[in-house]
Every structure is written in structure tokens, then in C-alpha cells.
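In what follows, a single structure is set out as C-alpha cells and then discussed.
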Amino acid sequence: MSLLVRDLSPGKAGGVTSESVQSAPVLQGSPVAQFTQLLSATRRGARLARLLAIEQVVGWGWPRDGERTDAAAQVVAEPAANAAVHGGLPGRCFRLGLALLPSGSVLVEVTDPRGERLPAVGGGSWDGEGGRGLVLVEALAARWGVRPYPPSGKTVWAVCGREAA
């Protein structure tokens, strides 16, 4: 059974294409290392997700003050904040997953229980309080998208850092 995945990578324009029918982003080889943490669906949990991601990629050899680390932190921060603000349900957490890929890139996954609330790119005005976070993810990630997380959730995923061509 194939799962329909909405691939929102640059150039996809948010549409569903034959390339976007997959159960996960296509990875070259098995992850070298993985990290997973359940976090409370609060603003504090979203902040902790960003801080944990920084510590994890530094532990994997990325420079603490490097561009890739800053980009990965921002790519984690946006879907984590969305999971806390829009994807939370009482008593339910969100999950942060990180995987170091053989190419040196990091796969970021943020899973929340609200699968019916798909993220939208650029939904807000430039002078408004929200709606621009996923524009940043689109600019900073090599690829990103959304896939269902059964029974009712969703996972926003992104690949950060260099990717093998």
C-alpha cells in the first residue's frame, strides 16, 4: 500500500506529483545515527526541540556556530512551533526525530497528532504574526514535505545540510 505524501520541496509548488507518492523521503543508505525525543506540545517543548537539535548535530560533528547548524535549528524550530501551537491535543506530545545520513545531511522529522491540519506555505501576511515559518524551511532545507503518521497524525520532514546529487 502506498501512502500519499505531500512533497513541498522547492519547485514542487505544493502539488502532489508521482514523485511525492512515497512513505518517507527517499534516503541513500541507512542512517549513520538517530535521535528521537517526545516533547510536550508547548512553546517550551518547541524551544527544547531546537536546543536538543543543536546539541545533537554538534555531537555528530557539525560546527556549533556553523551555517548548517543554524539552518538545522531553524528547520526544527518551525515545525516544532507549529506542532505546539496548531498540532497539539490535550495530553498528547509531539515527537522530534533526527537522523544523520551517510551524505552528512540530517533528516529532521516532527510528528504531531493532528493529521487533518496540514501545514501551508506562506499563509500569513508579511506584517502579521505568523504564516512565514515554512517559507524559511523551504529556503533552508534541501527537500521537505509532509506524510501521514497513522492512525491520525502527520510528520513534517526536511533534509538539512549537504546532499549527495
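Each chain of the C-alpha cells is named A, B, ... in the order shown, its residues numbered from 1; ligands are numbered from 1 in display order.
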
| Those in stretch 41-76 of chain A with alpha helix (DSSP H) from DSSP, as number ranges by chain | A: 43-59, 67-76

| message | Which residues are close to stretch 49-53 of chain A, i.e. within 7 Å by only C-alpha atoms, leaving aside same-chain residues fewer than 6 positions away? Reply as a VMD selection string. | response | chain A and resid 73 76 to 77 80 96

Could you save those same residues with N, CA and C atoms as an mmCIF file, in the first residue's frame?
```cif
data_model
loop_
_atom_site.group_PDB
_atom_site.id
_atom_site.type_symbol
_atom_site.label_atom_id
_atom_site.label_comp_id
_atom_site.auth_asym_id
_atom_site.auth_seq_id
_atom_site.Cartn_x
_atom_site.Cartn_y
_atom_site.Cartn_z
ATOM 1 N N ALA A 73 18.744 24.173 13.058
ATOM 2 C CA ALA A 73 17.998 24.652 14.227
ATOM 3 C C ALA A 73 16.720 25.361 13.801
ATOM 4 N N VAL A 76 14.163 22.835 12.486
ATOM 5 C CA VAL A 76 13.499 22.144 13.593
ATOM 6 C C VAL A 76 12.511 23.073 14.281
ATOM 7 N N ALA A 77 12.913 24.317 14.495
ATOM 8 C CA ALA A 77 12.095 25.264 15.262
ATOM 9 C C ALA A 77 10.718 25.510 14.638
ATOM 10 N N ALA A 80 8.338 22.406 14.888
ATOM 11 C CA ALA A 80 8.116 22.156 16.321
ATOM 12 C C ALA A 80 7.154 23.200 16.887
ATOM 13 N N LEU A 96 10.201 14.621 18.080
ATOM 14 C CA LEU A 96 11.309 15.110 17.266
ATOM 15 C C LEU A 96 12.175 13.924 16.901
#
```

| Could you name the residues that touch A:Ala84 at 12 Å or less, counting only C-alpha atoms, but leaving out those on the same chain fewer than 5 positions away, as a ChimeraX atom specification? | /A:39-49,77-79,89-96,110-114

Selection from above, N, CA, C and O atoms, as a compact mmCIF listing (two decimals), in the first residue's frame, can you write it?
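Okay, this is what ended up in again20.txt:
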```
# COMPACT_ATOMS: atom_id res chain seq x y z
N LEU A 39 8.28 15.36 23.21
CA LEU A 39 8.30 16.66 23.88
C LEU A 39 6.88 17.14 24.10
O LEU A 39 5.97 16.84 23.31
N SER A 40 6.68 17.90 25.16
CA SER A 40 5.35 18.44 25.42
C SER A 40 4.95 19.42 24.32
O SER A 40 5.79 20.15 23.80
N ALA A 41 3.69 19.39 23.95
CA ALA A 41 3.19 20.26 22.87
C ALA A 41 2.94 21.66 23.42
O ALA A 41 1.82 22.15 23.49
N THR A 42 4.04 22.31 23.82
CA THR A 42 4.00 23.67 24.36
C THR A 42 5.10 24.47 23.68
O THR A 42 6.00 23.91 23.02
N ARG A 43 5.07 25.77 23.88
CA ARG A 43 6.16 26.61 23.35
C ARG A 43 7.50 26.22 23.96
O ARG A 43 8.53 26.24 23.30
N ARG A 44 7.49 25.84 25.23
CA ARG A 44 8.71 25.39 25.89
C ARG A 44 9.22 24.10 25.24
O ARG A 44 10.42 23.92 25.05
N GLY A 45 8.31 23.19 24.89
CA GLY A 45 8.70 21.97 24.20
C GLY A 45 9.30 22.26 22.84
O GLY A 45 10.28 21.62 22.43
N ALA A 46 8.74 23.24 22.12
CA ALA A 46 9.27 23.62 20.81
C ALA A 46 10.67 24.21 20.94
O ALA A 46 11.57 23.90 20.15
N ARG A 47 10.88 25.05 21.96
CA ARG A 47 12.21 25.62 22.21
C ARG A 47 13.20 24.51 22.55
O ARG A 47 14.34 24.50 22.06
N LEU A 48 12.79 23.57 23.38
CA LEU A 48 13.66 22.47 23.75
C LEU A 48 14.02 21.63 22.53
O LEU A 48 15.16 21.16 22.41
N ALA A 49 13.08 21.44 21.60
CA ALA A 49 13.37 20.69 20.38
C ALA A 49 14.51 21.35 19.60
O ALA A 49 15.43 20.67 19.13
N ALA A 77 12.91 24.32 14.49
CA ALA A 77 12.10 25.26 15.26
C ALA A 77 10.72 25.51 14.64
O ALA A 77 9.72 25.57 15.37
N GLU A 78 10.65 25.63 13.35
CA GLU A 78 9.37 25.97 12.70
C GLU A 78 8.32 24.87 12.82
O GLU A 78 7.22 25.12 13.30
N PRO A 79 8.61 23.63 12.38
CA PRO A 79 7.58 22.60 12.55
C PRO A 79 7.33 22.25 14.02
O PRO A 79 6.22 21.87 14.38
N LEU A 89 -2.89 18.26 20.97
CA LEU A 89 -4.14 17.80 21.57
C LEU A 89 -3.88 17.63 23.06
O LEU A 89 -2.77 17.28 23.45
N PRO A 90 -4.89 17.87 23.90
CA PRO A 90 -4.67 17.71 25.34
C PRO A 90 -4.10 16.33 25.68
O PRO A 90 -4.62 15.30 25.22
N GLY A 91 -3.01 16.34 26.43
CA GLY A 91 -2.40 15.08 26.86
C GLY A 91 -1.52 14.41 25.83
O GLY A 91 -1.01 13.31 26.08
N ARG A 92 -1.35 15.00 24.65
CA ARG A 92 -0.54 14.39 23.59
C ARG A 92 0.73 15.20 23.36
O ARG A 92 0.72 16.42 23.39
N CYS A 93 1.82 14.54 23.10
CA CYS A 93 3.11 15.17 22.85
C CYS A 93 3.37 15.25 21.35
O CYS A 93 2.59 14.73 20.55
N PHE A 94 4.47 15.88 20.99
CA PHE A 94 4.96 15.76 19.62
C PHE A 94 6.32 15.10 19.68
O PHE A 94 6.96 15.05 20.73
N ARG A 95 6.75 14.53 18.56
CA ARG A 95 7.99 13.76 18.51
C ARG A 95 8.98 14.44 17.58
O ARG A 95 8.65 14.80 16.46
N LEU A 96 10.20 14.62 18.08
CA LEU A 96 11.31 15.11 17.27
C LEU A 96 12.18 13.92 16.90
O LEU A 96 12.57 13.14 17.77
N VAL A 110 9.32 16.01 12.52
CA VAL A 110 8.49 16.45 13.63
C VAL A 110 7.10 15.87 13.41
O VAL A 110 6.47 16.15 12.39
N THR A 111 6.65 15.06 14.37
CA THR A 111 5.37 14.36 14.26
C THR A 111 4.42 14.87 15.32
O THR A 111 4.79 14.98 16.49
N ASP A 112 3.19 15.19 14.89
CA ASP A 112 2.15 15.60 15.84
C ASP A 112 0.87 14.83 15.58
O ASP A 112 0.74 14.19 14.53
N PRO A 113 -0.10 14.87 16.51
CA PRO A 113 -1.30 14.04 16.37
C PRO A 113 -2.39 14.63 15.48
O PRO A 113 -3.43 14.00 15.32
N ARG A 114 -2.19 15.79 14.88
CA ARG A 114 -3.25 16.44 14.10
C ARG A 114 -3.01 16.30 12.61
O ARG A 114 -2.61 17.25 11.93
```

| request: Would you mind reading off the distance between atom CA of A:Val159 and atom CA of A:Ala72, one decimal, in Å? | output: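 Spanning atom CA of A:Val159 to atom CA of A:Ala72 is a straight-line distance of 8.7 Å.
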
| query | Rounded to one decimal in Å, what is the spacing between atom CA of A:Leu38 and atom CA of A:Ala141? | reply |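 Separating atom CA of A:Leu38 from atom CA of A:Ala141 is a distance of 22.7 Å.
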
| task | Rank nothing, just name the residue among A:Phe35, A:Gly161, A:Gln74, A:Glu138 nearest to A:Pro102, using only C-alpha atoms. | result |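 Result for the nearest residue to A:Pro102: A:Gly161.
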
| Which of these residues is nearest to A:Gly61, using only C-alpha atoms: A:Ala83, A:Ala139, A:Ala120, A:Ala33? |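 Among the listed residues, the smallest separation from A:Gly61 belongs to A:Ala33.
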
| task | Record the distance separating atom CA of A:Val137 and atom CA of A:Leu101, expressed in Å with one decimal. | result |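 Separating atom CA of A:Val137 from atom CA of A:Leu101 is a distance of 18.7 Å.
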